[in-house]
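J.: Pasting in a structure now, in structure tokens, and then I'll have a few things to ask.
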Protein chains: 2
Amino acid sequence: MAEQKSIIIIDDHPLFREGLKTIISRDDRFKVVGEAGSGHEGLEMTKRLKPDLVVVDISLPDQSGIQLTRDLRRHFSETKILIVSMHSKIDYIAEAFQAGATGYVVKESASERLLQGLKSVAKGDYYLDSSVSHAVVENLMKSPLKAAKITDADYATLTPREQEVMRFLAEGLSSKAVAEKLFISPKTVENHRANIMNKLGLHSTIELVRYAAKLGLIDVDLWKD
Amino acid sequence: MAEQKSIIIIDDHPLFREGLKTIISRDDRFKVVGEAGSGHEGLEMTKRLKPDLVVVDISLPDQSGIQLTRDLRRHFSETKILIVSMHSKIDYIAEAFQAGATGYVVKESASERLLQGLKSVAKGDYYLDSSVSHAVVENLMKSPLKAAKITDADYATLTPREQEVMRFLAEGLSSKAVAEKLFISPKTVENHRANIMNKLGLHSTIELVRYAAKLGLIDVDLWKD
DNA sequence: CCATGGATCGGGAAGTTATCCCGAATATTA
DNA sequence: TAATATTCGGGATAACTTCCCGATCCATGG
């Protein structure tokens, strides 16, 4: 860790850049090797200087810092990116990390935070400063995984009757209940259901409900009241 | 920062505890004031010593570190929790943060990481070390949403275990899947489920899901994407 | 006309899951 | 320590799922 990490600052406010530089220079493990006032300029400079880190303001005159992050990420995957933003809203944060940022610090934070963030990011760790509430992070962590991509193309392959059955099932009716509604045997409904699941690649009732929700077949917002 | 932060280490392997202690003592901003070899012991010690930080191994003999995190969080909301884990799988990480952890470090990481994590966590920042791939974080960040408040009289009558089971069920896991997650028999899960349904007056899986959606236990908006 | 194929309807059998009722082993609390 | 609550799981039966099968109807094209 004797070596200094090179940093480029990309922000359109010179004063703010100056502030960042001052803060960063407090830690001799970092060295600001360049500054840019726009996304384009920043991209050029990154190409030329190949810095270890880039500090990017989320709002730039010519393009968003998010977009710049994506570009940087694509062309210089080794360069770590720390987003500096005035927003602590979840949308921005989520977008930033999706775009490939490794850290996120809000402008209102203490200077300590910035250095902390730089240190973490320099190591390749993810960093998110504390102005972000626990609730937000908790929520971010709530999405499990699995994709199971769903196209309504598949739904279109269902026969009319199958679609009809599916709507009832999606509303939470049991096979028996659907059968009564349609004046057919529960057995038939179950067969329809099996065919539906097969065609759509589903494996449980709840997946069926989610699928239906995605297609707008049912309105899950109604559940909340 | 003149004051030292007090730390308790909760891990069932004395050797590993020793290692942690050595690493932590390298930084004089931290002081290990206690060690525990089990969740229960750790909880007691925390009650007694009120440390600033608790370092928790994710796998403990008597209960999971996740569960311990929840308990600690509930009783000592000021105490920050850093999870140390041998797993870098997304499930564990997400669970840890949901449970209320503020940091997550894998055991294979360099000692630097631990200190880095402690420093961040001590400030209240969230920390997640770099053995976690970018893809994982990107995945975690895929869900923007709002806070969830659980305020329901009936839901409160559920035992902690029942609530835990309910959350999994609401996410669409089968009894068997929940059983595997909790390392108990599917039979037990089914009994829990039956009790839950009874207490809440529900009669089908989908009603349970709707109930959970209403409480904000799950976010159905996620289904739409 | 009638063969073809899709859609709808249902049965049978085997496997899986739910339901209800019970008891045992631990906490927790009085 | 006694009483209570919680967690865990077994057993028996009912219910549901799954897979495979066949019957009917109906539109289409040879």
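The way I read the labels, and the way they are meant: chains A, B, ... in the order of the structure tokens, residue 1 as the first residue of every chain, and ligand 1 as the first ligand shown, with later ones counted on from there.
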Dump as a PyMOL selection string the residues of chain B that approach chain D to within 8 Å, counting only C-alpha atoms (C1' of nucleotides).
T.: chain B and resi 159+161+184-185+187-188
J.: With a distance threshold of 12 Å and counting only C-alpha atoms (C1' of nucleotides), extract the residues of chain B near chain C and express them as a ChimeraX atom specification.
T.: /B:40,174-176,186-187,189-191,193-195,197-198,203-205
J.: Just give me the gap between CA of Met45 in chain B and CA of Asp71 in chain B in Å, one decimal is fine.
T.: 13.0 Å
J.: Identify which of the residues B:Glu44, B:Glu35, B:Glu162, B:Glu95 lies closest to chain A, counting only C-alpha atoms when measuring atom-to-atom distances.
T.: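 Distance minimum relative to chain A lands on B:Glu95.
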J.: What lies within 6 Å of range 73-84 of chain A using only C-alpha atoms (C1' of nucleotides), ignoring chain neighbours under 2 positions off, as a ChimeraX atom specification?
T.: /A:52-57,69-71,101-106
J.: Could those selected residues go to a file with all heavy atoms, as a short mmCIF file (atom, residue, chain, number, x, y, z; two decimals), in the first residue's frame?
T.:
data_model
loop_
_atom_site.label_atom_id
_atom_site.label_comp_id
_atom_site.auth_asym_id
_atom_site.auth_seq_id
_atom_site.Cartn_x
_atom_site.Cartn_y
_atom_site.Cartn_z
N ASP A 52 -6.54 4.92 -11.20
CA ASP A 52 -7.05 3.80 -10.42
C ASP A 52 -8.51 4.04 -10.02
O ASP A 52 -9.31 3.12 -9.96
CB ASP A 52 -6.22 3.63 -9.14
CG ASP A 52 -4.77 3.33 -9.46
OD1 ASP A 52 -4.52 2.37 -10.20
OD2 ASP A 52 -3.90 4.09 -8.98
N LEU A 53 -8.79 5.31 -9.75
CA LEU A 53 -10.14 5.65 -9.33
C LEU A 53 -10.67 6.86 -10.09
O LEU A 53 -9.90 7.75 -10.47
CB LEU A 53 -10.17 6.02 -7.85
CG LEU A 53 -10.33 4.93 -6.80
CD1 LEU A 53 -8.97 4.40 -6.39
CD2 LEU A 53 -11.08 5.48 -5.61
N VAL A 54 -11.96 6.89 -10.26
CA VAL A 54 -12.60 8.08 -10.80
C VAL A 54 -13.72 8.48 -9.86
O VAL A 54 -14.54 7.64 -9.46
CB VAL A 54 -13.20 7.81 -12.20
CG1 VAL A 54 -13.84 9.06 -12.75
CG2 VAL A 54 -12.12 7.32 -13.15
N VAL A 55 -13.70 9.74 -9.50
CA VAL A 55 -14.79 10.26 -8.67
C VAL A 55 -15.74 11.02 -9.59
O VAL A 55 -15.33 11.96 -10.27
CB VAL A 55 -14.25 11.21 -7.58
CG1 VAL A 55 -15.40 11.81 -6.78
CG2 VAL A 55 -13.29 10.47 -6.67
N VAL A 56 -16.97 10.58 -9.64
CA VAL A 56 -17.90 11.13 -10.61
C VAL A 56 -19.10 11.78 -9.94
O VAL A 56 -19.76 11.15 -9.11
CB VAL A 56 -18.42 10.03 -11.57
CG1 VAL A 56 -19.42 10.60 -12.56
CG2 VAL A 56 -17.27 9.35 -12.28
N ASP A 57 -19.35 13.01 -10.30
CA ASP A 57 -20.56 13.67 -9.84
C ASP A 57 -21.73 13.07 -10.62
O ASP A 57 -21.63 12.84 -11.82
CB ASP A 57 -20.48 15.17 -10.11
CG ASP A 57 -21.65 15.91 -9.49
OD1 ASP A 57 -22.80 15.42 -9.59
OD2 ASP A 57 -21.44 16.97 -8.90
N THR A 69 -20.72 6.48 -15.92
CA THR A 69 -20.28 5.29 -15.18
C THR A 69 -20.35 4.06 -16.07
O THR A 69 -19.42 3.26 -16.13
CB THR A 69 -21.15 5.08 -13.94
OG1 THR A 69 -20.99 6.19 -13.06
CG2 THR A 69 -20.75 3.81 -13.21
N ARG A 70 -21.44 3.94 -16.77
CA ARG A 70 -21.60 2.80 -17.67
C ARG A 70 -20.49 2.78 -18.72
O ARG A 70 -19.89 1.74 -18.98
CB ARG A 70 -22.97 2.86 -18.36
CG ARG A 70 -24.03 2.01 -17.66
CD ARG A 70 -25.28 1.90 -18.50
NE ARG A 70 -26.10 3.11 -18.38
CZ ARG A 70 -27.06 3.26 -17.46
NH1 ARG A 70 -27.31 2.30 -16.61
NH2 ARG A 70 -27.76 4.37 -17.42
N ASP A 71 -20.23 3.95 -19.30
CA ASP A 71 -19.20 4.04 -20.33
C ASP A 71 -17.82 3.70 -19.78
O ASP A 71 -17.06 2.93 -20.36
CB ASP A 71 -19.18 5.45 -20.94
CG ASP A 71 -20.45 5.73 -21.73
OD1 ASP A 71 -21.18 4.75 -22.04
OD2 ASP A 71 -20.73 6.90 -22.02
N ALA A 101 -20.97 1.40 -10.56
CA ALA A 101 -20.24 2.14 -9.54
C ALA A 101 -19.86 1.19 -8.41
O ALA A 101 -20.52 0.18 -8.19
CB ALA A 101 -21.08 3.28 -9.01
N THR A 102 -18.80 1.53 -7.71
CA THR A 102 -18.39 0.69 -6.59
C THR A 102 -18.65 1.40 -5.27
O THR A 102 -18.66 0.80 -4.22
CB THR A 102 -16.90 0.34 -6.70
OG1 THR A 102 -16.62 -0.01 -8.06
CG2 THR A 102 -16.55 -0.82 -5.82
N GLY A 103 -18.85 2.71 -5.34
CA GLY A 103 -19.14 3.44 -4.12
C GLY A 103 -20.11 4.58 -4.37
O GLY A 103 -20.26 5.05 -5.50
N TYR A 104 -20.74 5.03 -3.30
CA TYR A 104 -21.72 6.09 -3.43
C TYR A 104 -21.68 6.95 -2.16
O TYR A 104 -21.90 6.45 -1.06
CB TYR A 104 -23.11 5.48 -3.61
CG TYR A 104 -24.20 6.45 -4.03
CD1 TYR A 104 -24.68 6.45 -5.33
CD2 TYR A 104 -24.75 7.35 -3.12
CE1 TYR A 104 -25.69 7.30 -5.73
CE2 TYR A 104 -25.75 8.22 -3.50
CZ TYR A 104 -26.22 8.19 -4.81
OH TYR A 104 -27.22 9.04 -5.20
N VAL A 105 -21.37 8.19 -2.34
CA VAL A 105 -21.29 9.11 -1.20
C VAL A 105 -22.13 10.34 -1.50
O VAL A 105 -22.09 10.87 -2.61
CB VAL A 105 -19.83 9.55 -0.96
CG1 VAL A 105 -19.75 10.56 0.18
CG2 VAL A 105 -18.94 8.35 -0.67
N VAL A 106 -22.90 10.78 -0.54
CA VAL A 106 -23.68 11.99 -0.79
C VAL A 106 -22.86 13.23 -0.41
O VAL A 106 -22.00 13.18 0.46
CB VAL A 106 -25.02 11.99 -0.01
CG1 VAL A 106 -25.85 10.79 -0.40
CG2 VAL A 106 -24.77 12.04 1.47
#
J.: As a PDB file with N, CA, C and O atoms, in the first residue's frame, which residues of range 153-205 of chain A does DSSP assign to alpha helix (DSSP H)?
T.:
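What landed in selection-v6.pdb:
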ATOM      1  N   ALA A 153     -45.740 -13.468 -25.008  1.00  0.00           N
ATOM      2  CA  ALA A 153     -45.817 -14.350 -26.172  1.00  0.00           C
ATOM      3  C   ALA A 153     -46.260 -15.732 -25.728  1.00  0.00           C
ATOM      4  O   ALA A 153     -47.085 -16.375 -26.367  1.00  0.00           O
ATOM      5  N   ASP A 154     -45.735 -16.141 -24.600  1.00  0.00           N
ATOM      6  CA  ASP A 154     -46.103 -17.439 -24.074  1.00  0.00           C
ATOM      7  C   ASP A 154     -47.580 -17.469 -23.680  1.00  0.00           C
ATOM      8  O   ASP A 154     -48.279 -18.436 -23.929  1.00  0.00           O
ATOM      9  N   TYR A 155     -47.983 -16.374 -23.074  1.00  0.00           N
ATOM     10  CA  TYR A 155     -49.379 -16.313 -22.645  1.00  0.00           C
ATOM     11  C   TYR A 155     -50.306 -16.454 -23.846  1.00  0.00           C
ATOM     12  O   TYR A 155     -51.379 -17.022 -23.759  1.00  0.00           O
ATOM     13  N   ALA A 156     -49.880 -15.921 -24.968  1.00  0.00           N
ATOM     14  CA  ALA A 156     -50.703 -15.963 -26.172  1.00  0.00           C
ATOM     15  C   ALA A 156     -50.890 -17.393 -26.684  1.00  0.00           C
ATOM     16  O   ALA A 156     -51.836 -17.679 -27.401  1.00  0.00           O
ATOM     17  N   PRO A 160     -58.090 -20.029 -25.436  1.00  0.00           N
ATOM     18  CA  PRO A 160     -59.026 -19.117 -24.770  1.00  0.00           C
ATOM     19  C   PRO A 160     -59.498 -19.667 -23.424  1.00  0.00           C
ATOM     20  O   PRO A 160     -59.547 -18.945 -22.434  1.00  0.00           O
ATOM     21  N   ARG A 161     -59.844 -20.929 -23.453  1.00  0.00           N
ATOM     22  CA  ARG A 161     -60.329 -21.529 -22.214  1.00  0.00           C
ATOM     23  C   ARG A 161     -59.242 -21.514 -21.142  1.00  0.00           C
ATOM     24  O   ARG A 161     -59.499 -21.220 -19.975  1.00  0.00           O
ATOM     25  N   GLU A 162     -58.047 -21.794 -21.563  1.00  0.00           N
ATOM     26  CA  GLU A 162     -56.932 -21.803 -20.614  1.00  0.00           C
ATOM     27  C   GLU A 162     -56.706 -20.409 -20.028  1.00  0.00           C
ATOM     28  O   GLU A 162     -56.442 -20.243 -18.839  1.00  0.00           O
ATOM     29  N   GLN A 163     -56.837 -19.420 -20.866  1.00  0.00           N
ATOM     30  CA  GLN A 163     -56.665 -18.056 -20.380  1.00  0.00           C
ATOM     31  C   GLN A 163     -57.746 -17.712 -19.366  1.00  0.00           C
ATOM     32  O   GLN A 163     -57.491 -17.060 -18.356  1.00  0.00           O
ATOM     33  N   GLU A 164     -58.935 -18.173 -19.662  1.00  0.00           N
ATOM     34  CA  GLU A 164     -60.047 -17.912 -18.759  1.00  0.00           C
ATOM     35  C   GLU A 164     -59.781 -18.552 -17.400  1.00  0.00           C
ATOM     36  O   GLU A 164     -59.921 -17.923 -16.352  1.00  0.00           O
ATOM     37  N   VAL A 165     -59.385 -19.798 -17.456  1.00  0.00           N
ATOM     38  CA  VAL A 165     -59.072 -20.514 -16.219  1.00  0.00           C
ATOM     39  C   VAL A 165     -57.938 -19.816 -15.485  1.00  0.00           C
ATOM     40  O   VAL A 165     -57.984 -19.616 -14.270  1.00  0.00           O
ATOM     41  N   MET A 166     -56.977 -19.394 -16.234  1.00  0.00           N
ATOM     42  CA  MET A 166     -55.813 -18.763 -15.612  1.00  0.00           C
ATOM     43  C   MET A 166     -56.202 -17.501 -14.857  1.00  0.00           C
ATOM     44  O   MET A 166     -55.683 -17.243 -13.777  1.00  0.00           O
ATOM     45  N   ARG A 167     -57.093 -16.735 -15.428  1.00  0.00           N
ATOM     46  CA  ARG A 167     -57.488 -15.504 -14.739  1.00  0.00           C
ATOM     47  C   ARG A 167     -58.105 -15.812 -13.389  1.00  0.00           C
ATOM     48  O   ARG A 167     -57.809 -15.155 -12.388  1.00  0.00           O
ATOM     49  N   PHE A 168     -58.945 -16.832 -13.365  1.00  0.00           N
ATOM     50  CA  PHE A 168     -59.561 -17.186 -12.088  1.00  0.00           C
ATOM     51  C   PHE A 168     -58.514 -17.684 -11.093  1.00  0.00           C
ATOM     52  O   PHE A 168     -58.521 -17.313  -9.925  1.00  0.00           O
ATOM     53  N   LEU A 169     -57.656 -18.529 -11.592  1.00  0.00           N
ATOM     54  CA  LEU A 169     -56.625 -19.074 -10.714  1.00  0.00           C
ATOM     55  C   LEU A 169     -55.759 -17.962 -10.149  1.00  0.00           C
ATOM     56  O   LEU A 169     -55.394 -17.964  -8.984  1.00  0.00           O
ATOM     57  N   ALA A 170     -55.452 -17.003 -11.008  1.00  0.00           N
ATOM     58  CA  ALA A 170     -54.581 -15.912 -10.587  1.00  0.00           C
ATOM     59  C   ALA A 170     -55.232 -15.084  -9.491  1.00  0.00           C
ATOM     60  O   ALA A 170     -54.561 -14.474  -8.666  1.00  0.00           O
ATOM     61  N   SER A 175     -58.965 -24.738  -7.580  1.00  0.00           N
ATOM     62  CA  SER A 175     -59.451 -25.472  -8.744  1.00  0.00           C
ATOM     63  C   SER A 175     -60.946 -25.767  -8.605  1.00  0.00           C
ATOM     64  O   SER A 175     -61.718 -25.638  -9.546  1.00  0.00           O
ATOM     65  N   LYS A 176     -61.302 -26.140  -7.412  1.00  0.00           N
ATOM     66  CA  LYS A 176     -62.708 -26.468  -7.183  1.00  0.00           C
ATOM     67  C   LYS A 176     -63.593 -25.245  -7.424  1.00  0.00           C
ATOM     68  O   LYS A 176     -64.641 -25.330  -8.062  1.00  0.00           O
ATOM     69  N   ALA A 177     -63.160 -24.125  -6.906  1.00  0.00           N
ATOM     70  CA  ALA A 177     -63.941 -22.899  -7.054  1.00  0.00           C
ATOM     71  C   ALA A 177     -64.082 -22.501  -8.520  1.00  0.00           C
ATOM     72  O   ALA A 177     -65.153 -22.091  -8.976  1.00  0.00           O
ATOM     73  N   VAL A 178     -63.007 -22.643  -9.239  1.00  0.00           N
ATOM     74  CA  VAL A 178     -63.058 -22.325 -10.670  1.00  0.00           C
ATOM     75  C   VAL A 178     -64.029 -23.269 -11.363  1.00  0.00           C
ATOM     76  O   VAL A 178     -64.834 -22.854 -12.206  1.00  0.00           O
ATOM     77  N   ALA A 179     -63.945 -24.509 -10.981  1.00  0.00           N
ATOM     78  CA  ALA A 179     -64.829 -25.506 -11.578  1.00  0.00           C
ATOM     79  C   ALA A 179     -66.289 -25.115 -11.389  1.00  0.00           C
ATOM     80  O   ALA A 179     -67.098 -25.186 -12.321  1.00  0.00           O
ATOM     81  N   GLU A 180     -66.608 -24.669 -10.209  1.00  0.00           N
ATOM     82  CA  GLU A 180     -67.989 -24.284  -9.941  1.00  0.00           C
ATOM     83  C   GLU A 180     -68.402 -23.071 -10.770  1.00  0.00           C
ATOM     84  O   GLU A 180     -69.527 -22.976 -11.229  1.00  0.00           O
ATOM     85  N   LYS A 181     -67.465 -22.165 -10.917  1.00  0.00           N
ATOM     86  CA  LYS A 181     -67.757 -20.965 -11.700  1.00  0.00           C
ATOM     87  C   LYS A 181     -67.999 -21.303 -13.168  1.00  0.00           C
ATOM     88  O   LYS A 181     -68.825 -20.686 -13.834  1.00  0.00           O
ATOM     89  N   LEU A 182     -67.262 -22.259 -13.653  1.00  0.00           N
ATOM     90  CA  LEU A 182     -67.332 -22.573 -15.084  1.00  0.00           C
ATOM     91  C   LEU A 182     -68.223 -23.787 -15.369  1.00  0.00           C
ATOM     92  O   LEU A 182     -68.355 -24.195 -16.519  1.00  0.00           O
ATOM     93  N   PRO A 186     -63.785 -30.254 -11.399  1.00  0.00           N
ATOM     94  CA  PRO A 186     -62.502 -29.808 -10.826  1.00  0.00           C
ATOM     95  C   PRO A 186     -61.327 -30.479 -11.547  1.00  0.00           C
ATOM     96  O   PRO A 186     -60.279 -29.891 -11.712  1.00  0.00           O
ATOM     97  N   LYS A 187     -61.581 -31.684 -11.923  1.00  0.00           N
ATOM     98  CA  LYS A 187     -60.552 -32.444 -12.635  1.00  0.00           C
ATOM     99  C   LYS A 187     -60.121 -31.705 -13.907  1.00  0.00           C
ATOM    100  O   LYS A 187     -58.941 -31.598 -14.221  1.00  0.00           O
ATOM    101  N   THR A 188     -61.090 -31.235 -14.607  1.00  0.00           N
ATOM    102  CA  THR A 188     -60.798 -30.514 -15.844  1.00  0.00           C
ATOM    103  C   THR A 188     -59.989 -29.253 -15.574  1.00  0.00           C
ATOM    104  O   THR A 188     -59.025 -28.942 -16.281  1.00  0.00           O
ATOM    105  N   VAL A 189     -60.410 -28.574 -14.541  1.00  0.00           N
ATOM    106  CA  VAL A 189     -59.675 -27.353 -14.198  1.00  0.00           C
ATOM    107  C   VAL A 189     -58.227 -27.690 -13.876  1.00  0.00           C
ATOM    108  O   VAL A 189     -57.300 -27.002 -14.305  1.00  0.00           O
ATOM    109  N   GLU A 190     -58.074 -28.756 -13.137  1.00  0.00           N
ATOM    110  CA  GLU A 190     -56.715 -29.148 -12.783  1.00  0.00           C
ATOM    111  C   GLU A 190     -55.887 -29.479 -14.016  1.00  0.00           C
ATOM    112  O   GLU A 190     -54.694 -29.174 -14.083  1.00  0.00           O
ATOM    113  N   ASN A 191     -56.522 -30.096 -14.961  1.00  0.00           N
ATOM    114  CA  ASN A 191     -55.808 -30.388 -16.201  1.00  0.00           C
ATOM    115  C   ASN A 191     -55.463 -29.106 -16.949  1.00  0.00           C
ATOM    116  O   ASN A 191     -54.360 -28.948 -17.460  1.00  0.00           O
ATOM    117  N   HIS A 192     -56.406 -28.217 -17.004  1.00  0.00           N
ATOM    118  CA  HIS A 192     -56.128 -26.932 -17.641  1.00  0.00           C
ATOM    119  C   HIS A 192     -54.954 -26.265 -16.938  1.00  0.00           C
ATOM    120  O   HIS A 192     -54.035 -25.754 -17.563  1.00  0.00           O
ATOM    121  N   ARG A 193     -55.037 -26.296 -15.650  1.00  0.00           N
ATOM    122  CA  ARG A 193     -53.993 -25.649 -14.874  1.00  0.00           C
ATOM    123  C   ARG A 193     -52.622 -26.266 -15.175  1.00  0.00           C
ATOM    124  O   ARG A 193     -51.632 -25.562 -15.389  1.00  0.00           O
ATOM    125  N   ALA A 194     -52.610 -27.566 -15.230  1.00  0.00           N
ATOM    126  CA  ALA A 194     -51.354 -28.257 -15.519  1.00  0.00           C
ATOM    127  C   ALA A 194     -50.826 -27.838 -16.888  1.00  0.00           C
ATOM    128  O   ALA A 194     -49.628 -27.579 -17.053  1.00  0.00           O
ATOM    129  N   ASN A 195     -51.719 -27.749 -17.854  1.00  0.00           N
ATOM    130  CA  ASN A 195     -51.303 -27.345 -19.200  1.00  0.00           C
ATOM    131  C   ASN A 195     -50.768 -25.924 -19.199  1.00  0.00           C
ATOM    132  O   ASN A 195     -49.780 -25.614 -19.851  1.00  0.00           O
ATOM    133  N   ILE A 196     -51.454 -25.082 -18.464  1.00  0.00           N
ATOM    134  CA  ILE A 196     -51.030 -23.683 -18.378  1.00  0.00           C
ATOM    135  C   ILE A 196     -49.622 -23.604 -17.803  1.00  0.00           C
ATOM    136  O   ILE A 196     -48.735 -22.962 -18.367  1.00  0.00           O
ATOM    137  N   MET A 197     -49.451 -24.279 -16.706  1.00  0.00           N
ATOM    138  CA  MET A 197     -48.147 -24.250 -16.040  1.00  0.00           C
ATOM    139  C   MET A 197     -47.063 -24.762 -16.982  1.00  0.00           C
ATOM    140  O   MET A 197     -45.958 -24.237 -17.031  1.00  0.00           O
ATOM    141  N   ASN A 198     -47.399 -25.792 -17.680  1.00  0.00           N
ATOM    142  CA  ASN A 198     -46.461 -26.359 -18.634  1.00  0.00           C
ATOM    143  C   ASN A 198     -46.063 -25.343 -19.693  1.00  0.00           C
ATOM    144  O   ASN A 198     -44.882 -25.098 -19.935  1.00  0.00           O
ATOM    145  N   LYS A 199     -47.058 -24.760 -20.293  1.00  0.00           N
ATOM    146  CA  LYS A 199     -46.791 -23.813 -21.373  1.00  0.00           C
ATOM    147  C   LYS A 199     -46.017 -22.595 -20.891  1.00  0.00           C
ATOM    148  O   LYS A 199     -45.215 -22.026 -21.630  1.00  0.00           O
ATOM    149  N   LEU A 200     -46.273 -22.198 -19.686  1.00  0.00           N
ATOM    150  CA  LEU A 200     -45.638 -20.980 -19.191  1.00  0.00           C
ATOM    151  C   LEU A 200     -44.380 -21.269 -18.378  1.00  0.00           C
ATOM    152  O   LEU A 200     -43.688 -20.340 -17.954  1.00  0.00           O
ATOM    153  N   THR A 205     -48.419 -22.331  -7.635  1.00  0.00           N
ATOM    154  CA  THR A 205     -49.517 -21.373  -7.724  1.00  0.00           C
ATOM    155  C   THR A 205     -49.013 -19.943  -7.629  1.00  0.00           C
ATOM    156  O   THR A 205     -49.447 -19.068  -8.371  1.00  0.00           O
TER     157      THR A 205
END
J.: Leaving out Ile66 in chain A and any residue of its chain fewer than 6 positions from it, which residues lie within 8 Å of it when counting only C-alpha atoms (C1' of nucleotides), given as number ranges by chain?
T.: A: 58, 95-96, 99
J.: Using CA of Asp28 in chain B and CA of Phe97 in chain B as the two end points, give the distance in Å to one decimal.
T.: 27.2 Å
J.: Which residue out of B:His13, B:Lys21, B:Arg29, B:Lys123 has the minimum interatomic distance to chain A when only C-alpha atoms are used?
T.: B:Lys123
